[in-house]
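A short write-up of the structure that comes next.
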Amino acid sequence: MEKVDDLMDKVNDLGDRMMGSKVGQKISAGMSSMSFKMKELFQGNQADNLVDEATAETLDGPDWATNVELCDMINHERISSVDVIRAIKNRLGMKNARVRYLTLVLLQTVINNCVKGFSEVAADRVLDEMVKMIGDPQTVEYNRNKALIMIEAWGESNKLRYLPVYEETYKVLFIGKITKITFDQTHFTKMNMDCVYP
């Protein structure tokens, strides 16, 4: 992102030197409108890259350093929470069980440590992706259980009443409106999924 700012400064300086000419004015105006798009492009790629790094299938377990760094970047607005949540949603759609698990851990970390996390998850329909994963017969049990535990905790949280999608998703799953999913609710509440990962 610094390179984009440096490039824009150089082009603006050139435009200032050429101020009397129409070419200089056009260059300055064009770069001003482009700078936002360039920052957005690089920031989006940065979010994708960091989420990919935190959820790489080669990892043996959660990459806490990258997870915490992502939260810090979101909280200090150095990276867009929207881009991070969108990248997380994309990783949840992958079929690799390890990637899915690490993505759920990252999602839980972001939700627990970033102010904007819950609203971004609700807005970007990440819960829908989690419900698809739960209902998918190809999903391994520990990922299904981890997603169910997360949805249960969010659905029962009084702090999230302002975002009804959490409670609605919880009710759909735990009241049994999705008939493909059968489970013992008490089984999931007592499990600590962080210890289940192979």
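Each chain in the structure tokens gets a letter, A, B, ..., in the order shown, and its residues are numbered from 1; ligands are numbered from 1 in order too.
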
Report task. May I have the residues within 6 Å of segment 164-166 of chain A as a VMD selection string, using only C-alpha atoms and disregarding those fewer than 2 positions away in the same chain? Result -> chain A and resid 154 to 155 161 168 to 169

Report task. Name all residues at most 8 Å from Lys146 of chain A (count only C-alpha atoms; drop same-chain ones fewer than 4 positions away) and give them as number ranges by chain. Result -> A: 101, 104, 142, 150, 193

With segment 61-71 of chain A as the partner and 9 Å as the cut-off, tabulate the residues of segment 106-186 of chain A that qualify, each row holding the nearest pair of atoms and their distance in Å to one decimal, using only C-alpha atoms, sorted by chain and rising number, as a Markdown table.
| residue | atom | partner | partner_atom | distance |
| --- | --- | --- | --- | --- |
| A:Leu106 | CA | A:Asn67 | CA | 6.0 |
| A:Thr109 | CA | A:Asn67 | CA | 6.9 |
| A:Val110 | CA | A:Cys71 | CA | 5.8 |
| A:Ile111 | CA | A:Cys71 | CA | 9.0 |
| A:Asn113 | CA | A:Cys71 | CA | 6.3 |
| A:Cys114 | CA | A:Cys71 | CA | 6.1 |

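Among the candidates A:Thr58, A:Thr103, A:Asn96, A:Asn45, the residue lying nearest to Ile79 of chain A is A:Asn45 (atoms considered: only C-alpha atoms).
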
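Around Ile88 of chain A, within 7 Å and counting only C-alpha atoms, the residues found are Val51, Val84, Leu92, Thr103 and Leu107 of chain A, once anything fewer than 4 positions away on its own chain is removed.
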
Those selected residues, please, written with C-alpha atoms and delivered as a tab-separated table (two decimals), in the first residue's frame.
chain	number	residue	atom	x	y	z
A	51	VAL	CA	-6.47	-15.59	5.31
A	84	VAL	CA	-11.27	-10.58	5.59
A	92	LEU	CA	-15.22	-22.24	4.26
A	103	THR	CA	-10.97	-21.29	8.76
A	107	LEU	CA	-13.52	-16.97	12.05

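Residue nearest Met130 of chain A, chosen from A:Arg98, A:Lys159, A:Lys89, A:Arg78 and counting only C-alpha atoms: A:Lys89.
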
Just list the residues in segment 48-116 of chain A DSSP gives helix (DSSP H, G or I) on the backbone, as a short mmCIF file (atom, residue, chain, number, x, y, z; two decimals) with N, CA and C atoms, in the first residue's frame.
data_model
loop_
_atom_site.label_atom_id
_atom_site.label_comp_id
_atom_site.auth_asym_id
_atom_site.auth_seq_id
_atom_site.Cartn_x
_atom_site.Cartn_y
_atom_site.Cartn_z
N ASP A 48 -6.96 -11.63 1.32
CA ASP A 48 -6.97 -13.00 0.78
C ASP A 48 -5.68 -13.73 1.14
N ASN A 49 -4.55 -13.05 0.96
CA ASN A 49 -3.26 -13.67 1.23
C ASN A 49 -3.10 -14.04 2.70
N LEU A 50 -3.50 -13.12 3.60
CA LEU A 50 -3.36 -13.40 5.03
C LEU A 50 -4.31 -14.51 5.48
N VAL A 51 -5.53 -14.53 4.96
CA VAL A 51 -6.47 -15.59 5.31
C VAL A 51 -5.96 -16.92 4.76
N ASP A 52 -5.45 -16.92 3.54
CA ASP A 52 -4.86 -18.14 2.98
C ASP A 52 -3.69 -18.64 3.83
N GLU A 53 -2.86 -17.71 4.28
CA GLU A 53 -1.71 -18.08 5.13
C GLU A 53 -2.17 -18.66 6.46
N ALA A 54 -3.20 -18.06 7.04
CA ALA A 54 -3.70 -18.52 8.36
C ALA A 54 -4.43 -19.85 8.27
N TRP A 64 -1.66 -18.98 15.26
CA TRP A 64 -2.16 -17.93 16.16
C TRP A 64 -1.52 -16.59 15.87
N ALA A 65 -0.28 -16.57 15.45
CA ALA A 65 0.38 -15.30 15.15
C ALA A 65 -0.33 -14.57 14.01
N THR A 66 -0.64 -15.29 12.95
CA THR A 66 -1.33 -14.69 11.81
C THR A 66 -2.77 -14.33 12.18
N ASN A 67 -3.43 -15.20 12.94
CA ASN A 67 -4.80 -14.91 13.36
C ASN A 67 -4.87 -13.62 14.17
N VAL A 68 -3.96 -13.48 15.13
CA VAL A 68 -3.94 -12.28 15.98
C VAL A 68 -3.53 -11.06 15.16
N GLU A 69 -2.59 -11.23 14.24
CA GLU A 69 -2.17 -10.12 13.37
C GLU A 69 -3.35 -9.63 12.53
N LEU A 70 -4.14 -10.55 11.99
CA LEU A 70 -5.33 -10.16 11.23
C LEU A 70 -6.30 -9.36 12.09
N CYS A 71 -6.54 -9.81 13.30
CA CYS A 71 -7.44 -9.09 14.22
C CYS A 71 -6.90 -7.69 14.51
N ASP A 72 -5.61 -7.61 14.75
CA ASP A 72 -4.98 -6.32 15.02
C ASP A 72 -5.12 -5.38 13.82
N MET A 73 -4.91 -5.91 12.63
CA MET A 73 -5.03 -5.10 11.41
C MET A 73 -6.47 -4.62 11.21
N ILE A 74 -7.43 -5.47 11.49
CA ILE A 74 -8.84 -5.08 11.37
C ILE A 74 -9.17 -3.99 12.39
N ASN A 75 -8.76 -4.21 13.64
CA ASN A 75 -9.08 -3.25 14.71
C ASN A 75 -8.42 -1.89 14.50
N SER A 81 -12.36 -5.27 7.31
CA SER A 81 -13.01 -6.45 7.89
C SER A 81 -13.91 -7.13 6.87
N VAL A 82 -14.48 -6.35 5.96
CA VAL A 82 -15.33 -6.91 4.91
C VAL A 82 -14.51 -7.86 4.03
N ASP A 83 -13.31 -7.44 3.65
CA ASP A 83 -12.46 -8.27 2.81
C ASP A 83 -12.01 -9.54 3.53
N VAL A 84 -11.70 -9.42 4.81
CA VAL A 84 -11.27 -10.58 5.59
C VAL A 84 -12.41 -11.58 5.72
N ILE A 85 -13.61 -11.10 6.06
CA ILE A 85 -14.76 -12.00 6.22
C ILE A 85 -15.12 -12.64 4.88
N ARG A 86 -15.02 -11.90 3.81
CA ARG A 86 -15.30 -12.46 2.48
C ARG A 86 -14.28 -13.57 2.14
N ALA A 87 -13.02 -13.34 2.48
CA ALA A 87 -11.98 -14.36 2.23
C ALA A 87 -12.23 -15.60 3.11
N ILE A 88 -12.66 -15.37 4.35
CA ILE A 88 -13.00 -16.48 5.24
C ILE A 88 -14.16 -17.28 4.68
N LYS A 89 -15.16 -16.59 4.19
CA LYS A 89 -16.33 -17.28 3.60
C LYS A 89 -15.89 -18.15 2.43
N ASN A 90 -15.02 -17.63 1.59
CA ASN A 90 -14.53 -18.41 0.45
C ASN A 90 -13.77 -19.65 0.91
N ARG A 91 -12.98 -19.52 1.96
CA ARG A 91 -12.22 -20.67 2.46
C ARG A 91 -13.14 -21.72 3.10
N LEU A 92 -14.25 -21.28 3.70
CA LEU A 92 -15.22 -22.24 4.26
C LEU A 92 -15.82 -23.12 3.17
N ALA A 97 -10.69 -30.67 4.61
CA ALA A 97 -11.14 -30.66 6.01
C ALA A 97 -10.24 -29.81 6.90
N ARG A 98 -8.94 -29.88 6.70
CA ARG A 98 -8.02 -29.09 7.52
C ARG A 98 -8.21 -27.59 7.27
N VAL A 99 -8.35 -27.21 6.00
CA VAL A 99 -8.57 -25.80 5.66
C VAL A 99 -9.87 -25.31 6.30
N ARG A 100 -10.91 -26.12 6.23
CA ARG A 100 -12.19 -25.74 6.83
C ARG A 100 -12.06 -25.54 8.34
N TYR A 101 -11.38 -26.46 8.99
CA TYR A 101 -11.22 -26.35 10.44
C TYR A 101 -10.44 -25.08 10.80
N LEU A 102 -9.32 -24.87 10.14
CA LEU A 102 -8.51 -23.68 10.42
C LEU A 102 -9.27 -22.39 10.11
N THR A 103 -10.14 -22.45 9.10
CA THR A 103 -10.97 -21.29 8.76
C THR A 103 -12.00 -21.03 9.85
N LEU A 104 -12.59 -22.09 10.39
CA LEU A 104 -13.53 -21.91 11.51
C LEU A 104 -12.83 -21.32 12.73
N VAL A 105 -11.62 -21.77 13.01
CA VAL A 105 -10.84 -21.22 14.13
C VAL A 105 -10.55 -19.74 13.88
N LEU A 106 -10.14 -19.41 12.66
CA LEU A 106 -9.87 -18.01 12.31
C LEU A 106 -11.14 -17.17 12.45
N LEU A 107 -12.25 -17.69 11.95
CA LEU A 107 -13.52 -16.97 12.05
C LEU A 107 -13.87 -16.71 13.51
N GLN A 108 -13.73 -17.71 14.34
CA GLN A 108 -14.03 -17.56 15.76
C GLN A 108 -13.09 -16.52 16.40
N THR A 109 -11.83 -16.52 16.01
CA THR A 109 -10.87 -15.56 16.54
C THR A 109 -11.24 -14.14 16.13
N VAL A 110 -11.60 -13.95 14.87
CA VAL A 110 -11.99 -12.63 14.39
C VAL A 110 -13.26 -12.16 15.10
N ILE A 111 -14.23 -13.04 15.21
CA ILE A 111 -15.49 -12.70 15.88
C ILE A 111 -15.24 -12.29 17.33
N ASN A 112 -14.39 -13.02 18.02
CA ASN A 112 -14.15 -12.75 19.44
C ASN A 112 -13.28 -11.53 19.69
N ASN A 113 -12.52 -11.09 18.70
CA ASN A 113 -11.54 -10.04 18.94
C ASN A 113 -11.72 -8.77 18.10
#

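From atom CA of Arg144 of chain A back to atom CA of Ser80 of chain A, the distance works out to 28.0 Å.
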
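Distances to Ile151 of chain A were evaluated for A:Ala122, A:Glu167, A:Ile175, A:Thr139 using only C-alpha atoms, and the minimum falls at A:Glu167.
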